[in-house]
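Here's work_32.cif, which has mmCIF, C-alpha atoms and all ligand atoms:
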data_protein
#
loop_
_atom_site.label_atom_id
_atom_site.label_comp_id
_atom_site.auth_asym_id
_atom_site.auth_seq_id
_atom_site.Cartn_x
_atom_site.Cartn_y
_atom_site.Cartn_z
CA MET A 1 43.42 81.70 82.08
CA LEU A 2 40.41 81.66 84.36
CA VAL A 3 36.87 81.72 83.00
CA LYS A 4 33.82 82.22 85.21
CA ASP A 5 30.44 82.28 83.56
CA GLU A 6 26.80 81.40 83.83
CA ALA A 7 25.89 78.50 81.60
CA LEU A 8 23.58 75.75 80.41
CA VAL A 9 24.91 72.28 79.57
CA LEU A 10 24.19 71.59 75.90
CA ARG A 11 26.09 68.38 75.34
CA ARG A 12 28.29 65.84 77.12
CA THR A 13 30.87 63.80 75.25
CA PRO A 14 32.70 60.96 77.06
CA PHE A 15 36.47 61.35 76.98
CA GLN A 16 38.87 58.56 77.94
CA GLU A 17 37.82 56.44 80.88
CA SER A 18 36.53 58.86 83.43
CA SER A 19 36.23 62.30 81.85
CA LEU A 20 33.66 64.25 79.87
CA VAL A 21 33.91 67.12 77.47
CA ILE A 22 31.06 69.45 78.37
CA HIS A 23 29.74 71.88 75.78
CA PHE A 24 28.16 74.84 77.52
CA LEU A 25 26.07 77.70 76.28
CA THR A 26 27.47 80.57 78.33
CA LYS A 27 26.22 84.05 78.93
CA ASN A 28 29.49 85.85 78.13
CA ASN A 29 31.57 83.40 76.08
CA GLY A 30 29.07 81.85 73.70
CA LEU A 31 29.67 78.15 73.13
CA LEU A 32 32.34 76.94 75.54
CA SER A 33 33.80 73.42 75.65
CA VAL A 34 35.42 72.38 78.90
CA MET A 35 37.03 69.16 80.09
CA ALA A 36 35.50 67.70 83.24
CA ARG A 37 38.26 65.41 84.48
CA GLY A 38 37.44 62.34 86.50
CA ILE A 39 33.77 63.24 86.55
CA ARG A 40 32.64 59.70 85.79
CA LYS A 41 34.54 58.23 88.75
CA SER A 42 32.52 57.34 91.81
CA GLY A 43 32.85 59.43 94.95
CA ARG A 44 31.02 62.32 96.46
CA LYS A 45 32.82 65.18 94.72
CA GLY A 46 32.22 63.57 91.33
CA SER A 47 28.61 62.89 92.16
CA ASP A 48 27.82 66.52 93.10
CA ARG A 49 29.33 67.70 89.84
CA ARG A 50 27.58 65.02 87.85
CA GLY A 51 24.30 66.25 89.33
CA ALA A 52 24.99 69.85 88.36
CA LEU A 53 25.93 68.81 84.84
CA ALA A 54 23.19 66.25 84.29
CA GLY A 55 20.00 68.20 83.89
CA PHE A 56 18.65 71.41 82.47
CA HIS A 57 19.93 73.64 85.26
CA THR A 58 21.62 76.99 84.96
CA VAL A 59 25.06 76.68 86.53
CA ASN A 60 27.98 78.87 87.48
CA LEU A 61 31.08 77.34 86.02
CA GLU A 62 34.73 77.99 86.60
CA SER A 63 37.38 76.71 84.24
CA ARG A 64 41.12 77.12 83.93
CA SER A 65 43.27 76.78 80.86
CA ARG A 66 46.91 77.33 79.93
CA SER A 67 46.12 79.64 77.06
CA LEU A 68 43.32 81.36 75.22
CA VAL A 69 43.05 78.55 72.68
CA ALA A 70 43.59 75.51 74.93
CA MET A 71 40.51 73.70 76.21
CA GLY A 72 39.91 74.60 79.84
CA THR A 73 39.51 72.20 82.71
CA LEU A 74 36.40 72.48 84.80
CA THR A 75 37.47 73.51 88.30
CA ASN A 76 34.08 74.26 89.80
CA VAL A 77 30.40 74.03 88.91
CA GLU A 78 27.37 74.95 91.00
CA ILE A 79 23.68 75.02 90.21
CA THR A 80 22.29 78.55 90.38
CA LYS A 81 18.85 77.77 88.98
CA ALA A 82 17.64 74.20 89.29
CA ARG A 83 15.04 72.78 86.92
CA ARG A 84 14.15 69.42 88.35
CA THR A 85 10.63 68.86 87.05
CA ILE A 86 11.37 68.70 83.32
CA PRO A 87 12.58 65.06 83.25
CA SER A 88 9.36 63.81 84.85
CA SER A 89 7.34 64.54 81.71
CA ALA A 90 8.33 62.87 78.45
CA ALA A 91 7.01 65.78 76.39
CA ALA A 92 8.75 68.42 78.49
CA LEU A 93 11.96 66.39 78.41
CA SER A 94 11.99 66.03 74.64
CA ALA A 95 11.08 69.71 74.21
CA ALA A 96 13.98 70.69 76.49
CA GLN A 97 16.32 68.50 74.47
CA LEU A 98 15.11 70.23 71.33
CA TYR A 99 15.91 73.65 72.81
CA LEU A 100 19.42 72.49 73.68
CA GLU A 101 20.01 71.09 70.19
CA VAL A 102 18.89 74.37 68.63
CA ALA A 103 21.15 76.29 71.01
CA TYR A 104 24.08 74.01 70.20
CA ARG A 105 23.58 74.30 66.47
CA PHE A 106 23.41 78.08 66.42
CA SER A 107 25.95 79.05 69.07
CA VAL A 108 29.50 80.03 68.27
CA ALA A 109 32.55 79.95 70.52
CA GLY A 110 33.43 83.41 71.78
CA ASP A 111 30.22 84.97 70.49
CA ALA A 112 28.15 86.01 73.50
CA ARG A 113 24.41 85.96 72.81
CA PRO A 114 22.68 86.83 76.08
CA ASP A 115 19.38 87.26 74.20
CA ILE A 116 19.42 83.66 72.96
CA MET A 117 20.52 82.43 76.36
CA HIS A 118 17.64 84.37 77.90
CA THR A 119 15.04 82.90 75.52
CA ILE A 120 16.29 79.36 76.15
CA GLU A 121 16.46 79.83 79.91
CA THR A 122 12.99 81.35 80.08
CA SER A 123 11.64 78.52 77.93
CA LEU A 124 13.22 75.91 80.20
CA ASP A 125 11.76 77.74 83.22
CA LEU A 126 8.31 77.59 81.66
CA LEU A 127 8.70 73.89 80.82
CA ASP A 128 9.82 73.23 84.36
CA ALA A 129 6.76 75.09 85.64
CA GLY A 130 4.49 72.84 83.58
CA ALA A 131 3.82 74.89 80.43
CA ASP A 132 2.43 72.90 77.51
CA PRO A 133 5.53 71.84 75.53
CA LEU A 134 4.00 72.08 72.04
CA GLU A 135 2.41 75.45 72.69
CA LEU A 136 5.63 76.76 74.20
CA LEU A 137 7.71 75.57 71.25
CA ALA A 138 5.20 77.09 68.82
CA LEU A 139 5.49 80.43 70.59
CA SER A 140 9.23 80.47 71.21
CA LEU A 141 11.00 78.86 68.25
CA GLY A 142 10.24 81.85 66.02
CA VAL A 143 11.84 84.14 68.58
CA LEU A 144 14.96 81.97 68.58
CA ILE A 145 15.06 81.69 64.79
CA SER A 146 14.84 85.41 64.30
CA GLY A 147 17.47 85.83 67.05
CA VAL A 148 19.95 83.75 65.07
CA GLY A 149 19.19 85.63 61.86
CA TYR A 150 17.01 83.13 59.97
CA GLY A 151 13.63 84.60 60.75
CA TRP A 152 10.63 84.16 58.50
CA GLN A 153 9.04 86.94 56.51
CA ALA A 154 5.48 87.19 57.78
CA PHE A 155 4.41 90.64 56.61
CA GLU A 156 4.45 90.55 52.79
CA CYS A 157 3.31 87.99 50.23
CA ALA A 158 6.24 86.17 48.57
CA GLY A 159 4.45 86.50 45.22
CA CYS A 160 3.03 90.03 44.98
CA ARG A 161 4.40 91.70 48.14
CA GLY A 162 0.83 92.44 49.15
CA VAL A 163 -0.08 92.58 52.83
CA ARG A 164 -3.69 91.40 52.68
CA GLN A 165 -5.21 87.90 52.84
CA LEU A 166 -1.97 86.28 53.95
CA THR A 167 -3.32 82.74 54.27
CA PHE A 168 -0.39 80.49 53.34
CA PHE A 169 3.22 79.98 54.25
CA SER A 170 5.86 78.81 51.81
CA ILE A 171 8.50 76.80 53.63
CA ARG A 172 10.75 76.93 50.58
CA ARG A 173 10.69 80.72 50.51
CA GLY A 174 10.47 81.19 54.27
CA GLN A 175 7.66 83.64 53.65
CA VAL A 176 3.90 84.12 53.78
CA VAL A 177 1.80 83.97 50.60
CA CYS A 178 -1.54 85.67 49.94
CA GLN A 179 -4.74 83.83 49.01
CA PRO A 180 -4.77 84.79 45.27
CA CYS A 181 -1.06 84.04 44.75
CA GLY A 182 -1.21 80.79 46.73
CA GLN A 183 -4.46 79.35 45.39
CA PRO A 184 -2.87 77.47 42.42
CA TYR A 185 -0.18 75.94 44.68
CA THR A 186 -2.09 74.91 47.80
CA GLU A 187 -0.48 71.44 47.70
CA ARG A 188 2.94 72.94 48.35
CA LEU A 189 1.90 75.57 50.87
CA VAL A 190 1.02 75.44 54.54
CA PRO A 191 -2.34 77.07 55.27
CA ILE A 192 -2.18 79.57 58.11
CA THR A 193 -4.88 81.22 60.19
CA ASN A 194 -5.06 84.81 61.41
CA ASN A 195 -3.97 83.62 64.83
CA ILE A 196 -0.89 81.99 63.36
CA LEU A 197 -0.11 85.08 61.33
CA LYS A 198 -0.37 87.28 64.42
CA ILE A 199 1.99 85.06 66.39
CA MET A 200 4.47 84.86 63.51
CA GLN A 201 4.46 88.62 63.05
CA LYS A 202 4.66 89.63 66.66
CA LEU A 203 7.15 87.18 68.16
CA ALA A 204 6.12 88.43 71.58
CA TRP A 205 8.14 87.56 74.67
CA PRO A 206 7.16 86.34 77.23
CA PRO A 207 5.06 83.96 75.12
CA PRO A 208 1.33 84.74 74.86
CA PHE A 209 -0.24 81.44 75.94
CA GLY A 210 -3.83 80.53 75.23
CA LEU A 211 -4.29 82.08 71.78
CA LEU A 212 -3.64 79.06 69.59
CA CYS A 213 -5.50 75.79 69.29
CA VAL A 214 -3.46 72.60 69.14
CA ALA A 215 -3.66 72.33 65.34
CA GLU A 216 -2.36 75.87 65.02
CA GLN A 217 0.46 75.12 67.43
CA ALA A 218 1.44 72.10 65.35
CA ILE A 219 1.52 74.22 62.19
CA ILE A 220 3.81 76.85 63.67
CA TYR A 221 5.98 74.09 65.09
CA ARG A 222 6.34 72.54 61.62
CA ILE A 223 7.11 75.88 60.02
CA ALA A 224 9.69 76.71 62.70
CA ILE A 225 11.41 73.32 62.51
CA SER A 226 11.52 73.55 58.71
CA SER A 227 13.10 77.00 58.98
CA LEU A 228 15.70 75.70 61.42
CA VAL A 229 16.49 72.69 59.25
CA LYS A 230 16.89 74.94 56.24
CA ALA A 231 19.10 77.36 58.17
CA GLY A 232 21.28 74.61 59.66
CA GLY A 233 21.44 72.44 56.53
CA LYS A 234 20.47 69.24 58.33
CA MET A 235 17.71 67.59 60.31
CA LEU A 236 17.24 68.20 64.00
CA MET A 237 17.77 64.91 65.86
CA THR A 238 15.30 65.93 68.56
CA ASP A 239 12.39 66.74 66.23
CA GLN A 240 11.13 63.20 65.58
CA PRO A 241 11.32 62.12 69.23
CA PHE A 242 9.29 65.18 70.20
CA ARG A 243 6.66 64.48 67.53
CA ALA A 244 6.46 60.87 68.66
CA VAL A 245 5.75 61.91 72.24
CA VAL A 246 3.15 64.53 71.31
CA GLY A 247 1.53 62.31 68.67
CA HIS A 248 2.67 62.07 65.07
CA ASP A 249 -0.85 62.46 63.68
CA LEU A 250 -0.84 66.11 64.79
CA PHE A 251 1.83 66.85 62.22
CA THR A 252 0.58 64.88 59.24
CA LYS A 253 -0.88 66.58 56.21
CA GLU A 254 -4.42 65.80 57.40
CA GLY A 255 -3.57 67.40 60.70
CA TYR A 256 -3.20 70.80 59.19
CA THR A 257 -5.89 71.08 56.54
CA PRO A 258 -7.90 74.27 57.05
CA THR A 259 -11.02 72.32 58.02
CA ASP A 260 -9.35 71.14 61.21
CA ILE A 261 -8.43 74.60 62.28
CA ARG A 262 -10.49 77.06 64.19
CA LEU A 263 -10.55 79.97 61.76
CA SER A 264 -10.72 83.39 63.27
ZN ZN A 301 0.31 87.66 46.69
#

Would it be possible to restate this file's structure as structure tokens?
Amino acid sequence: MLVKDEALVLRRTPFQESSLVIHFLTKNNGLLSVMARGIRKSGRKGSDRRGALAGFHTVNLESRSRSLVAMGTLTNVEITKARRTIPSSAAALSAAQLYLEVAYRFSVAGDARPDIMHTIETSLDLLDAGADPLELLALSLGVLISGVGYGWQAFECAGCRGVRQLTFFSIRRGQVVCQPCGQPYTERLVPITNNILKIMQKLAWPPPFGLLCVAEQAIIYRIAISSLVKAGGKMLMTDQPFRAVVGHDLFTKEGYTPTDIRLS
């Protein structure tokens, strides 16, 4: 069986002495695992392929397998959209790794999700073009989360179903909470501004840069990561490294008290 598809490399697992199992996010086949034989050997052919499989590029892949269920062997791979700038910034690099982990966690073999692929590719393009990694994650993770079916509820209060004065977010409920309902529980709730609410409700794409201050970006990031962790049932390995690069203090409790936030 021959498979040709457009793909992003999500993960590389060493296999035996010289091979790799590559886990791709593909446009038409969902998550696809392919054996790249001899790829770790030296030599020019191996080195071209290693280059195509090493970064955050979009590639055209070709793989052959004996049957529908057998793992295919990579027979060709070419970069169709290179993204070479990402690795030169630590923040962009760790943000890109976070996107790939999210894609890996929520992709399924055989289940084509061109919308998710599009969001991830566009996000990587923006990172490569120098977009601010925290702002980009704040604006895009919600789009991804709702794409995989774990979106937050940002229109009605979790307590009274009211639509006014939505000033908190309950991570446990995955939903916004109004001022009167949330007031007795402020310790357990994340305060949100009107700007944050707008972004969480609209999930606009392409991302509307320039609306959020850094503290607001950090709040949406925390909410989005918490939603993903809840949906996936385990921590994201790439979350802490990203926070460390951007500055942990941004994400501490003090970092998101309402006094630090430009209220609008
Ligand atoms: Zn309420």

Q) Using all atoms listed in the file, which of A:Leu137, A:Leu236, A:Leu203, A:Cys160 sits nearest Ile220 in chain A? A)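 Among A:Leu137, A:Leu236, A:Leu203, A:Cys160, it is A:Leu137 that comes nearest to Ile220 in chain A.
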
Q: Would you list the residues that come within 9 Å of ligand ZN 301 (chain A)? Count all atoms listed in the file and give the answer as a list in words.
A: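 Final answer, ordered by chain and number: Glu156, Cys157, Ala158, Gly159, Cys160, Arg161, Gly162, Val163, Arg164, Gln165, Leu166, Val176, Val177, Cys178, Gln179, Pro180, Cys181 and Gly182 of chain A.
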
With C-alpha atoms retained, write the just-selected residues as an mmCIF file, in the coordinates of the input.
data_model
loop_
_atom_site.group_PDB
_atom_site.id
_atom_site.type_symbol
_atom_site.label_atom_id
_atom_site.label_comp_id
_atom_site.auth_asym_id
_atom_site.auth_seq_id
_atom_site.Cartn_x
_atom_site.Cartn_y
_atom_site.Cartn_z
ATOM 1 C CA GLU A 156 4.450 90.550 52.790
ATOM 2 C CA CYS A 157 3.310 87.990 50.230
ATOM 3 C CA ALA A 158 6.240 86.170 48.570
ATOM 4 C CA GLY A 159 4.450 86.500 45.220
ATOM 5 C CA CYS A 160 3.030 90.030 44.980
ATOM 6 C CA ARG A 161 4.400 91.700 48.140
ATOM 7 C CA GLY A 162 0.830 92.440 49.150
ATOM 8 C CA VAL A 163 -0.080 92.580 52.830
ATOM 9 C CA ARG A 164 -3.690 91.400 52.680
ATOM 10 C CA GLN A 165 -5.210 87.900 52.840
ATOM 11 C CA LEU A 166 -1.970 86.280 53.950
ATOM 12 C CA VAL A 176 3.900 84.120 53.780
ATOM 13 C CA VAL A 177 1.800 83.970 50.600
ATOM 14 C CA CYS A 178 -1.540 85.670 49.940
ATOM 15 C CA GLN A 179 -4.740 83.830 49.010
ATOM 16 C CA PRO A 180 -4.770 84.790 45.270
ATOM 17 C CA CYS A 181 -1.060 84.040 44.750
ATOM 18 C CA GLY A 182 -1.210 80.790 46.730
#

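Proximity ranking of A:Met200, A:Ile223, A:Ala54, A:Ile145 relative to Ile39 in chain A places A:Ala54 first, based on only C-alpha atoms.
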
**Q.** Who sits within 8 Å of Ser33 in chain A, all atoms listed in the file, same chain under 3 positions skipped, as a list of chain:residue names
**A.**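 Once the adjacent positions are removed, what remains is A:Val21, A:Ile22, A:His23, A:Phe24, A:Met71, A:Gly72.
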
Q. Using all atoms listed in the file, which residue out of A:Pro114, A:Pro14, A:Gly30, A:Gly151 lies closest to Lys230 in chain A?
A.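 Residue with the minimum atom-to-atom distance to Lys230 in chain A: A:Gly151.
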
Q. By how many Å are CA of Ser18 in chain A and CA of Gly38 in chain A apart?
A.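 Spanning CA of Ser18 in chain A to CA of Gly38 in chain A is a straight-line distance of 4.7 Å.
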
Q.
Residues near Ser226 in chain A, anyone? I mean within 10 Å using only C-alpha atoms, not counting same-chain ones fewer than 6 positions away, as a PyMOL selection string.
A. chain A and resi 171-172+174+220+232+234-236

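For the set A:Ser89, A:Ser140, A:Thr75, A:Asn29, the residue with the smallest atom-to-atom gap to Ala204 in chain A is A:Ser140, counting all atoms listed in the file.
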
Q.
Given all atoms listed in the file as the basis, pick out the residue of A:Gly210, A:Trp205, A:Ser227, A:Ser67 nearest to Gln175 in chain A.
A.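 Ranking A:Gly210, A:Trp205, A:Ser227, A:Ser67 by distance to Gln175 in chain A, first place goes to A:Ser227.
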
Q. With distances taken over only C-alpha atoms, which of A:Ala90, A:Leu212, A:Ile196, A:Ala96 is nearest to Ala244 in chain A?
A.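 Closest residue, counting only C-alpha atoms: A:Ala90.
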
Q: Quote the spacing between CA of Phe168 in chain A and CA of Val148 in chain A in Å to one decimal place.
A: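 Atom-to-atom, CA of Phe168 in chain A to CA of Val148 in chain A, that is 23.7 Å.
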